Structures are given as C-alpha cells and as structure tokens.
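Everything below belongs to input01.tsv, which stores TSV, C-alpha atoms.
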```tsv
chain	number	residue	atom	x	y	z
L	8	MET	CA	-16.95	-2.23	4.95
L	9	ILE	CA	-15.90	-3.14	1.42
L	10	ASP	CA	-19.56	-3.25	0.26
L	11	ARG	CA	-20.65	-0.06	2.06
L	12	LEU	CA	-18.05	2.64	1.47
L	13	PRO	CA	-18.85	6.05	3.07
L	14	PRO	CA	-19.97	9.17	1.12
L	15	TYR	CA	-16.39	10.51	0.95
L	16	ALA	CA	-15.33	7.35	-0.95
L	17	GLN	CA	-18.12	8.06	-3.44
L	18	LEU	CA	-16.87	11.64	-3.88
L	19	LEU	CA	-13.48	10.18	-4.82
L	20	GLY	CA	-15.25	7.74	-7.19
L	21	LEU	CA	-13.79	4.72	-5.39
L	22	THR	CA	-14.75	1.15	-6.14
L	23	ALA	CA	-13.67	-1.81	-4.02
L	24	GLU	CA	-12.75	-5.27	-5.17
L	25	ARG	CA	-10.82	-8.22	-3.80
L	26	ASP	CA	-7.53	-9.38	-5.29
L	27	GLY	CA	-6.50	-13.01	-5.93
L	28	ASN	CA	-5.61	-13.42	-2.24
L	29	GLY	CA	-8.95	-12.04	-1.06
L	30	ALA	CA	-7.37	-8.77	0.14
L	31	PRO	CA	-9.41	-5.60	-0.45
L	32	LEU	CA	-8.18	-3.34	-3.27
L	33	LEU	CA	-9.53	0.16	-3.96
L	34	VAL	CA	-9.58	1.80	-7.39
L	35	MET	CA	-9.91	5.54	-8.03
L	36	PRO	CA	-10.67	6.65	-11.60
L	37	PHE	CA	-9.04	9.79	-13.00
L	38	ALA	CA	-11.76	12.50	-12.93
L	39	THR	CA	-12.16	16.27	-12.60
L	40	ASP	CA	-13.14	15.94	-8.92
L	41	VAL	CA	-9.73	14.46	-7.97
L	42	LEU	CA	-7.57	16.78	-10.08
L	43	GLY	CA	-4.89	19.05	-8.65
L	44	ARG	CA	-2.71	20.99	-11.07
L	45	PRO	CA	-3.80	20.45	-14.68
L	46	GLY	CA	-3.25	16.87	-15.82
L	47	PHE	CA	-2.29	15.51	-12.38
L	48	LEU	CA	-4.10	14.00	-9.39
L	49	HIS	CA	-4.43	16.13	-6.24
L	50	GLY	CA	-2.19	14.94	-3.40
L	51	GLY	CA	-5.18	15.17	-1.07
L	52	ALA	CA	-7.18	12.78	-3.27
L	53	ILE	CA	-4.27	10.30	-3.36
L	54	SER	CA	-4.04	10.56	0.45
L	55	GLY	CA	-7.80	10.08	0.72
L	56	LEU	CA	-7.63	6.95	-1.44
L	57	MET	CA	-4.80	5.51	0.69
L	58	GLU	CA	-6.58	6.33	3.96
L	59	MET	CA	-9.74	4.59	2.70
L	60	ALA	CA	-7.63	1.57	1.63
L	61	ALA	CA	-6.08	1.48	5.12
L	62	ILE	CA	-9.47	1.72	6.83
L	63	VAL	CA	-11.01	-1.01	4.63
L	64	ALA	CA	-8.04	-3.34	5.26
L	65	LEU	CA	-8.12	-2.66	9.00
L	66	HIS	CA	-11.88	-3.27	9.28
L	67	ASP	CA	-11.38	-6.50	7.31
L	68	ALA	CA	-8.69	-7.66	9.76
L	69	LEU	CA	-10.68	-6.50	12.79
L	70	ASP	CA	-13.90	-8.18	11.62
L	71	SER	CA	-12.09	-11.54	11.58
L	72	GLU	CA	-11.39	-10.98	15.31
L	73	GLY	CA	-14.88	-9.95	16.36
L	74	GLY	CA	-15.01	-6.41	14.97
L	75	GLY	CA	-14.70	-2.97	16.56
L	76	GLU	CA	-14.38	0.74	15.96
L	77	ILE	CA	-11.27	2.53	14.72
L	78	LYS	CA	-10.10	6.11	15.23
L	79	PRO	CA	-7.29	7.68	13.19
L	80	ILE	CA	-4.33	8.91	15.27
L	81	ASN	CA	-2.07	10.10	12.46
L	82	VAL	CA	-0.89	9.60	8.89
L	83	THR	CA	2.45	10.23	7.17
L	84	VAL	CA	2.30	10.45	3.38
L	85	ASP	CA	5.22	10.38	0.93
L	86	PHE	CA	4.51	11.54	-2.62
L	87	MET	CA	6.85	9.87	-5.13
L	88	ARG	CA	5.47	10.43	-8.60
L	89	GLY	CA	2.80	12.58	-10.21
L	90	GLY	CA	-0.57	10.84	-10.67
L	91	ARG	CA	-1.46	10.85	-14.35
L	92	ASP	CA	-4.59	10.30	-16.46
L	93	LYS	CA	-5.26	6.65	-15.55
L	94	PRO	CA	-6.85	4.66	-12.70
L	95	THR	CA	-5.02	4.57	-9.37
L	96	ARG	CA	-5.06	1.52	-7.09
L	97	SER	CA	-4.33	1.19	-3.41
L	98	ARG	CA	-4.14	-1.61	-0.88
L	99	GLY	CA	-3.72	-1.36	2.88
L	100	ILE	CA	-1.45	-3.76	4.74
L	101	VAL	CA	-2.06	-4.17	8.47
L	102	THR	CA	1.47	-4.59	9.80
L	103	ARG	CA	0.32	-4.98	13.38
L	104	LEU	CA	-3.14	-5.38	14.86
L	105	GLY	CA	-2.79	-4.95	18.60
L	106	THR	CA	-5.36	-4.77	21.38
L	107	ARG	CA	-5.61	-0.98	21.30
L	108	VAL	CA	-3.46	0.22	18.39
L	109	ALA	CA	-3.03	-0.87	14.76
L	110	ASN	CA	-0.23	0.05	12.36
L	111	VAL	CA	-1.19	0.13	8.69
L	112	GLU	CA	0.91	0.76	5.57
L	113	THR	CA	-0.41	1.59	2.12
L	114	THR	CA	0.86	2.44	-1.31
L	115	ALA	CA	-0.92	3.86	-4.34
L	116	TRP	CA	0.10	2.93	-7.86
L	117	GLN	CA	-1.07	3.22	-11.44
L	118	ASP	CA	0.61	0.78	-13.85
L	119	ASP	CA	3.07	-1.09	-11.70
L	120	PRO	CA	2.64	-1.88	-7.96
L	121	ASP	CA	6.45	-1.75	-7.70
L	122	LYS	CA	6.44	1.86	-8.88
L	123	PRO	CA	4.14	3.56	-6.36
L	124	ILE	CA	3.05	7.17	-6.87
L	125	ALA	CA	2.67	7.53	-3.09
L	126	ALA	CA	2.99	5.63	0.19
L	127	ALA	CA	1.54	6.20	3.65
L	128	ARG	CA	1.84	4.91	7.20
L	129	MET	CA	-1.04	5.24	9.62
L	130	ASN	CA	-1.67	4.57	13.30
L	131	TYR	CA	-5.20	3.81	14.47
L	132	LEU	CA	-6.73	3.55	17.90
L	133	ILE	CA	-8.93	0.48	18.24
L	134	VAL	CA	-12.01	0.00	20.38
L	135	ARG	CA	-12.85	-3.70	20.26
L	136	ARG	CA	-16.36	-4.99	20.70
G	20	MET	CA	15.77	29.70	-10.77
G	21	THR	CA	12.24	30.49	-11.86
G	22	GLU	CA	10.79	33.89	-11.02
G	23	GLY	CA	7.04	33.34	-10.68
G	24	PHE	CA	4.42	36.06	-10.85
G	25	GLN	CA	3.40	37.70	-7.61
G	26	PHE	CA	1.03	35.48	-5.68
G	27	ASP	CA	-2.56	36.61	-4.94
G	28	PRO	CA	-4.19	33.92	-2.73
G	29	GLU	CA	-7.70	35.30	-2.96
G	30	ARG	CA	-7.63	35.41	-6.74
G	31	PHE	CA	-6.04	31.96	-6.86
G	32	PHE	CA	-9.06	30.52	-5.05
G	33	ARG	CA	-11.80	32.24	-7.05
G	34	SER	CA	-13.78	29.78	-9.24
G	35	ARG	CA	-11.52	26.90	-8.36
G	36	LEU	CA	-11.99	23.64	-10.19
G	37	GLY	CA	-10.57	20.20	-9.44
G	38	HIS	CA	-10.35	18.47	-6.08
G	39	GLY	CA	-10.34	21.64	-3.96
G	40	GLY	CA	-13.54	22.75	-5.68
G	41	ALA	CA	-15.13	19.30	-5.33
G	42	LEU	CA	-14.45	19.38	-1.57
G	43	GLY	CA	-15.77	22.97	-1.33
G	44	ILE	CA	-12.47	24.41	-0.06
G	45	GLY	CA	-12.37	28.21	-0.16
G	46	TYR	CA	-10.09	31.13	0.68
G	47	ARG	CA	-10.43	32.65	4.16
G	48	GLY	CA	-7.47	34.95	4.70
G	49	HIS	CA	-3.74	35.48	4.79
G	50	GLY	CA	-1.24	37.65	6.57
G	51	VAL	CA	2.09	37.93	8.36
G	52	ASP	CA	2.57	37.25	12.07
G	53	GLU	CA	6.01	38.04	13.53
G	54	GLY	CA	7.59	37.68	10.12
G	55	VAL	CA	5.89	34.37	9.27
G	56	HIS	CA	3.50	34.30	6.32
G	57	TRP	CA	0.29	32.35	6.87
G	58	ALA	CA	-2.71	31.39	4.75
G	59	GLU	CA	-6.13	30.26	5.94
G	60	LEU	CA	-8.56	28.13	3.96
G	61	GLU	CA	-11.97	26.83	4.95
G	62	LEU	CA	-13.71	23.52	4.38
G	63	PRO	CA	-17.47	23.87	5.01
G	64	TYR	CA	-19.25	20.82	6.44
G	65	ASP	CA	-20.83	18.75	3.68
G	66	ALA	CA	-22.56	15.34	3.89
G	67	ARG	CA	-20.50	14.23	0.86
G	68	LEU	CA	-17.33	14.39	3.01
G	69	ILE	CA	-18.59	11.99	5.68
G	70	GLY	CA	-16.24	9.12	6.51
G	71	ALA	CA	-18.25	7.51	9.31
G	72	VAL	CA	-21.99	7.41	8.58
G	73	GLU	CA	-22.89	6.48	12.19
G	74	THR	CA	-21.38	9.70	13.61
G	75	GLY	CA	-21.51	12.11	10.64
G	76	VAL	CA	-17.83	12.94	11.19
G	77	ILE	CA	-16.03	13.89	7.96
G	78	ALA	CA	-13.25	11.64	6.64
G	79	SER	CA	-9.61	12.43	7.33
G	80	GLY	CA	-8.78	12.71	3.60
G	81	PRO	CA	-10.40	16.15	3.12
G	82	ILE	CA	-8.36	17.46	6.11
G	83	VAL	CA	-5.14	16.29	4.41
G	84	ALA	CA	-6.24	18.02	1.17
G	85	LEU	CA	-7.13	21.23	3.08
G	86	MET	CA	-3.79	21.32	4.92
G	87	ASP	CA	-1.79	20.41	1.80
G	88	MET	CA	-3.33	23.43	0.06
G	89	ALA	CA	-3.07	25.81	3.06
G	90	THR	CA	0.62	25.00	3.64
G	91	SER	CA	1.31	25.20	-0.11
G	92	MET	CA	-0.15	28.72	-0.10
G	93	GLY	CA	2.02	29.57	2.89
G	94	VAL	CA	5.06	28.73	0.74
G	95	TRP	CA	3.92	30.90	-2.18
G	96	LEU	CA	3.28	33.78	0.22
G	97	ARG	CA	6.73	33.45	1.76
G	98	ALA	CA	8.33	33.18	-1.71
G	99	ASN	CA	6.10	36.08	-2.85
G	100	ALA	CA	5.63	34.17	-6.09
G	101	PHE	CA	3.62	31.33	-7.55
G	102	VAL	CA	6.17	28.57	-8.08
G	103	ALA	CA	5.50	25.09	-9.45
G	104	HIS	CA	6.24	22.66	-6.64
G	105	ALA	CA	5.21	19.24	-5.37
G	106	THR	CA	4.47	17.91	-1.89
G	107	LEU	CA	7.32	15.63	-0.79
G	108	ASP	CA	5.70	14.48	2.42
G	109	LEU	CA	2.97	15.45	4.82
G	110	ARG	CA	2.31	14.18	8.33
G	111	VAL	CA	-1.05	14.82	9.94
G	112	ASP	CA	-1.86	14.22	13.62
G	113	TYR	CA	-5.59	13.92	14.19
G	114	LEU	CA	-5.94	15.53	17.62
G	115	ARG	CA	-9.71	15.00	17.76
G	116	PRO	CA	-12.61	14.37	15.35
G	117	ALA	CA	-14.03	17.40	13.51
G	118	THR	CA	-17.41	18.40	14.94
G	119	PRO	CA	-20.23	17.47	12.50
G	120	GLY	CA	-21.89	20.57	11.03
G	121	ARG	CA	-18.93	22.90	11.63
G	122	THR	CA	-16.64	24.47	9.04
G	123	VAL	CA	-13.03	23.32	9.34
G	124	ILE	CA	-10.45	26.12	9.11
G	125	GLY	CA	-6.91	25.24	8.09
G	126	ARG	CA	-3.95	27.58	8.64
G	127	GLY	CA	-0.64	26.84	6.95
G	128	GLU	CA	2.74	28.53	7.14
G	129	CYS	CA	6.21	28.10	5.72
G	130	TYR	CA	8.78	28.41	8.50
G	131	ARG	CA	11.88	27.74	6.40
G	132	LEU	CA	12.54	28.15	2.68
G	133	THR	CA	15.73	26.93	1.02
G	134	ARG	CA	16.76	26.98	-2.65
G	135	SER	CA	14.67	23.89	-3.44
G	136	ILE	CA	12.86	22.78	-0.26
G	137	ALA	CA	10.08	24.46	1.71
G	138	PHE	CA	9.41	23.34	5.30
G	139	VAL	CA	5.82	23.84	6.39
G	140	ARG	CA	3.53	23.38	9.37
G	141	GLY	CA	-0.07	24.11	10.18
G	142	GLN	CA	-3.12	23.51	12.31
G	143	ALA	CA	-6.81	22.97	11.69
G	144	HIS	CA	-9.71	23.85	14.01
G	145	ASP	CA	-13.49	24.19	13.70
G	146	GLY	CA	-14.17	27.49	15.42
G	147	ASP	CA	-11.75	27.79	18.33
G	148	PRO	CA	-8.08	28.09	17.30
G	149	SER	CA	-7.03	27.09	20.83
G	150	ASP	CA	-8.81	23.73	20.41
G	151	PRO	CA	-7.18	22.40	17.20
G	152	LEU	CA	-8.38	19.17	15.58
G	153	ALA	CA	-5.30	18.50	13.46
G	154	HIS	CA	-1.62	19.40	13.37
G	155	VAL	CA	0.50	19.01	10.24
G	156	ALA	CA	4.17	19.14	9.25
G	157	GLY	CA	5.59	18.60	5.79
G	158	THR	CA	7.92	19.58	2.98
G	159	PHE	CA	7.52	20.77	-0.61
G	160	MET	CA	10.09	20.74	-3.39
G	161	ALA	CA	10.39	23.11	-6.35
G	162	PRO	CA	12.22	21.40	-9.25
G	163	ASP	CA	13.32	24.78	-10.67
G	164	GLY	CA	13.97	26.29	-7.24
G	165	TYR	CA	12.28	28.94	-5.12
G	166	PRO	CA	13.12	32.63	-5.66
G	167	ARG	CA	15.40	33.85	-2.83
```
Representation of the structure as structure tokens:
Amino acid sequence: MIDRLPPYAQLLGLTAERDGNGAPLLVMPFATDVLGRPGFLHGGAISGLMEMAAIVALHDALDSEGGGEIKPINVTVDFMRGGRDKPTRSRGIVTRLGTRVANVETTAWQDDPDKPIAAARMNYLIVRR
Amino acid sequence: MTEGFQFDPERFFRSRLGHGGALGIGYRGHGVDEGVHWAELELPYDARLIGAVETGVIASGPIVALMDMATSMGVWLRANAFVAHATLDLRVDYLRPATPGRTVIGRGECYRLTRSIAFVRGQAHDGDPSDPLAHVAGTFMAPDGYPR
C-alpha cells in the first residue's frame, strides 16, 4: 500500500515514508490544491491525509496477518489548530485489529507531533483473505 | 460580535480556487425547508478522486471536504452573513460506497446556532436522496461570534 498510493493521495500531493520504527508516515506539502481559506489548509484535505494515514497503517497491520480488504464505517475528526504554510505529517495507529472490525486513531501535525493540528478516530470493516 | 456581509452561496462558489476547486466541488442550490436553511453542493465523479483502484470508488476524504463545505454554507445561510469560523469537529458515517461514475450531492444544514457555536448535520447521496451514502454531524465555532 505504502508504495502504491491511490489517485486521491496524488491529488493531495502525499508521499509515504517509514519512520525509525518502520511505521508508515505520510507527508502532505502545503500547496494551492489543499488550501481552504487564504493561508490555511482545508479541513477536508487534513481529513483526507489522516484517512489515508489510517488506511496505510491498517493495510500494513493486516498484511502481516495475511491481508484483506477494508471498508470505512465512519470517521470522527477534531480540528485543533489551523494548518499553516509548511508540510503536514500524519501517522495512523491501529488500536485494535479484530476479526471483522478495526479501530484506528490518527493525528496530523506540522512542527511538533505533541501539538497536533487535528486528530481522528476511524472504524473499519475488515474482510480477511 | 462581527456583522458579516450578506451571504450569497452561488457567488461564493463561482471561480473557486483551493481544495474545493481541486476536487471539482460546485454549487447546486440552497433554500429553506420548514424554517431550516440548507445548502447543496455537488462533487462530480473524477478519476483523480479514486481511493480504491480495483473498484473505482472515490476516497472518503473528498466526501468529508464536500460535507464540511455544505454544512459550513448552511451556517452562513442561517446566520444570513459570511462569518469567519472554523470546524471544531465533524463525524461522518459512510452508509455505503459512492457509485463510480455518479456525481455526489451533499446537503448541509445548521439546526442550532448559538453566540459562538453552530451545530450542523447533513447527508450525501448520488442521485436518490432516499438512498444516502453518508450522514454527517458536526460543530463550527466563530471566534468573534455569530450575528443573532
């Protein structure tokens, strides 16, 4: 998944890398296509980044157990700070990977991971192979 | 309290730049039903929005963006003014996948407006309003307050 992001990830300008622990990390550059009000990121783009980070993390976890398909059930996003003119990073944390359902948490940050600009919780339905 | 200028949704969406423009989101309509102001935006199907290449289904992110904007417009219509505000939170239930090839229509409304918080809800469908694909609920906050 990390090396074949879908078209929507390209629209957001996302690139994927792995951090020191091998966990996938997504980076979204500040660009016109992800702008909301002048000078700030669009909340929808921040949500899109976090949803992609969640999906990449979940596929990573699922692949280590034989793989499968995932379907989004819902997402709850909290916006905490305005996204300014700098790269935004996001990492998904799979809090529970069950047989049929997975719970994933994500945050998005710019300078300091401890000062997130947004956070999200997602539930996914899982169809294992 | 900030008194914004009167809000014209159609004009607001003409020649829109930024993320809404990149996604292809456009104005569809607005009105009042039983005292509740609503706004409708549309998100035409586009291969650049695809989240799952195998199925051609668009990603969930563009639906969040669409509903964030539709509900935000619902607030400005209810306030009858364009007011600077920020999304506090948004919850989206994905009732079913959007059908590939179809335009997604998002309707947002503000069902309660206080001095600083707007409570919103909305639904998205792709042709049949009685068969929605997403349901949203959320809140916005205006730092300088909404006109009452």
request  = With a distance threshold of 8 Å and counting all atoms listed in the file, extract the residues of chain L near chain G and express them as a VMD selection string.
outcome  = chain L and resid 13 to 18 39 to 43 49 to 52 54 to 56 58 79 to 87
query = What is the distance, in Å and to one decimal place, between CA of Ile44 (chain G) and CA of Leu65 (chain L)?
reply =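 Computing the Euclidean distance for CA of Ile44 (chain G) and CA of Leu65 (chain L) yields 28.9 Å.
Using only C-alpha atoms, the smallest distance between any of L:Ala109, L:Ile53, L:Ser97, L:Glu76 and Asp121 (chain L) comes from L:Ser97.
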inquiry  = Here is a test: counting all atoms listed in the file, which residue of G:Phe31, G:Tyr64, G:Tyr130, G:Phe101 is nearest to Arg47 (chain G)?
reply    = G:Phe31
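CA of Asn130 (chain L) is found 29.1 Å from CA of Lys93 (chain L).
CA of Pro63 (chain G) is found 24.3 Å from CA of Val51 (chain G).
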task = Mind checking which residues fall within 7 Å of Val34 (chain L), counting all atoms listed in the file, ignoring those fewer than 2 positions away in the same chain, and posting them as a PyMOL selection string?
result = chain L and resi 21-23+32+36+94-97
Taking C-alpha atoms for each residue, export the selection above as a PDB file, in the coordinates of the input.
```pdb
ATOM      1  CA  LEU L  21     -13.790   4.720  -5.390  1.00  0.00           C
ATOM      2  CA  THR L  22     -14.750   1.150  -6.140  1.00  0.00           C
ATOM      3  CA  ALA L  23     -13.670  -1.810  -4.020  1.00  0.00           C
ATOM      4  CA  LEU L  32      -8.180  -3.340  -3.270  1.00  0.00           C
ATOM      5  CA  PRO L  36     -10.670   6.650 -11.600  1.00  0.00           C
ATOM      6  CA  PRO L  94      -6.850   4.660 -12.700  1.00  0.00           C
ATOM      7  CA  THR L  95      -5.020   4.570  -9.370  1.00  0.00           C
ATOM      8  CA  ARG L  96      -5.060   1.520  -7.090  1.00  0.00           C
ATOM      9  CA  SER L  97      -4.330   1.190  -3.410  1.00  0.00           C
TER      10      SER L  97
END
```
Top pick for closest residue to Leu33 (chain L), considering L:Met8, L:Leu19, L:Ala60, L:Leu104 and counting all atoms listed in the file = L:Ala60
message = as JSON, numbers by chain, please: the residues near His49 (chain G) (cut-off 12 Å, only C-alpha atoms, same-chain neighbours under 3 positions excluded).
response = {"G": [26, 27, 28, 29, 46, 52, 55, 56, 57, 58, 59, 60, 61, 89, 90, 92, 93, 94, 95, 96, 97, 125, 126, 127, 128]}
task = Select, from L:Ala64, L:Leu69, L:Ile133, L:Ile77, the residue with the minimum atom-to-atom distance to Val111 (chain L), counting all atoms listed in the file.
result =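 Of L:Ala64, L:Leu69, L:Ile133, L:Ile77, the one nearest Val111 (chain L) is L:Ala64, counting all atoms listed in the file.
For the residues L:Ala68, L:Ile62, L:Val134, L:Met35, ranking by smallest atom-to-atom distance to Val108 (chain L) using all atoms listed in the file places L:Val134 first.
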inquiry  = Please determine, counting only C-alpha atoms, which residue among L:Lys122, L:Arg91, L:His66, L:Arg107 has the shortest atom-to-atom distance to Ile9 (chain L).
reply    =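 Residue with the minimum atom-to-atom distance to Ile9 (chain L): L:His66.
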request  = May I have the protein, DNA and RNA residues with any atom at most 8 Å from the point (-10.0, -8.9, 3.3), counting all atoms listed in the file, written as a VMD selection string?
outcome  = chain L and resid 25 29 to 31 64 67 to 68
Okay, now the selection with C-alpha atoms, as a short mmCIF file (atom, residue, chain, number, x, y, z; two decimals), in the frame of the given file?
```
data_model
loop_
_atom_site.label_atom_id
_atom_site.label_comp_id
_atom_site.auth_asym_id
_atom_site.auth_seq_id
_atom_site.Cartn_x
_atom_site.Cartn_y
_atom_site.Cartn_z
CA ARG L 25 -10.82 -8.22 -3.80
CA GLY L 29 -8.95 -12.04 -1.06
CA ALA L 30 -7.37 -8.77 0.14
CA PRO L 31 -9.41 -5.60 -0.45
CA ALA L 64 -8.04 -3.34 5.26
CA ASP L 67 -11.38 -6.50 7.31
CA ALA L 68 -8.69 -7.66 9.76
#
```
Is it possible to dump region 96-116 of chain G as a compact mmCIF listing (two decimals), in the first residue's frame, including just N, CA and C atoms?
```
# COMPACT_ATOMS: atom_id res chain seq x y z
N LEU G 96 -25.92 30.60 5.80
CA LEU G 96 -27.29 30.90 5.38
C LEU G 96 -28.17 31.17 6.59
N ARG G 97 -28.00 30.37 7.63
CA ARG G 97 -28.82 30.57 8.83
C ARG G 97 -28.47 31.91 9.49
N ALA G 98 -27.14 32.23 9.52
CA ALA G 98 -26.70 33.49 10.12
C ALA G 98 -27.01 34.67 9.20
N ASN G 99 -27.32 34.38 7.94
CA ASN G 99 -27.55 35.39 6.91
C ASN G 99 -26.36 36.34 6.80
N ALA G 100 -25.17 35.76 6.96
CA ALA G 100 -23.94 36.55 6.89
C ALA G 100 -22.75 35.61 6.69
N PHE G 101 -21.73 36.12 6.03
CA PHE G 101 -20.49 35.36 5.93
C PHE G 101 -19.65 35.68 7.16
N VAL G 102 -19.43 34.68 8.00
CA VAL G 102 -18.72 34.88 9.26
C VAL G 102 -17.50 33.96 9.26
N ALA G 103 -16.34 34.50 9.66
CA ALA G 103 -15.16 33.65 9.78
C ALA G 103 -15.40 32.63 10.89
N HIS G 104 -15.27 31.35 10.54
CA HIS G 104 -15.42 30.32 11.57
C HIS G 104 -14.55 29.12 11.22
N ALA G 105 -14.40 28.22 12.17
CA ALA G 105 -13.57 27.04 11.96
C ALA G 105 -14.34 25.80 12.37
N THR G 106 -14.09 24.69 11.67
CA THR G 106 -14.73 23.43 12.04
C THR G 106 -14.11 22.95 13.34
N LEU G 107 -14.95 22.68 14.35
CA LEU G 107 -14.44 22.11 15.61
C LEU G 107 -14.31 20.60 15.46
N ASP G 108 -15.40 19.99 15.01
CA ASP G 108 -15.37 18.54 14.79
C ASP G 108 -16.38 18.16 13.73
N LEU G 109 -16.15 17.01 13.13
CA LEU G 109 -17.05 16.50 12.10
C LEU G 109 -17.02 14.99 12.20
N ARG G 110 -18.21 14.39 12.25
CA ARG G 110 -18.29 12.93 12.24
C ARG G 110 -19.03 12.51 10.98
N VAL G 111 -18.45 11.58 10.26
CA VAL G 111 -19.08 11.10 9.02
C VAL G 111 -19.31 9.60 9.13
N ASP G 112 -20.55 9.17 8.91
CA ASP G 112 -20.88 7.75 8.80
C ASP G 112 -20.97 7.42 7.31
N TYR G 113 -20.18 6.45 6.89
CA TYR G 113 -20.21 6.03 5.49
C TYR G 113 -21.23 4.91 5.34
N LEU G 114 -22.45 5.27 4.92
CA LEU G 114 -23.55 4.31 4.87
C LEU G 114 -23.36 3.27 3.78
N ARG G 115 -22.74 3.69 2.68
CA ARG G 115 -22.43 2.77 1.57
C ARG G 115 -21.41 3.47 0.68
N PRO G 116 -20.71 2.69 -0.20
CA PRO G 116 -19.75 3.34 -1.09
C PRO G 116 -20.48 4.20 -2.13
```
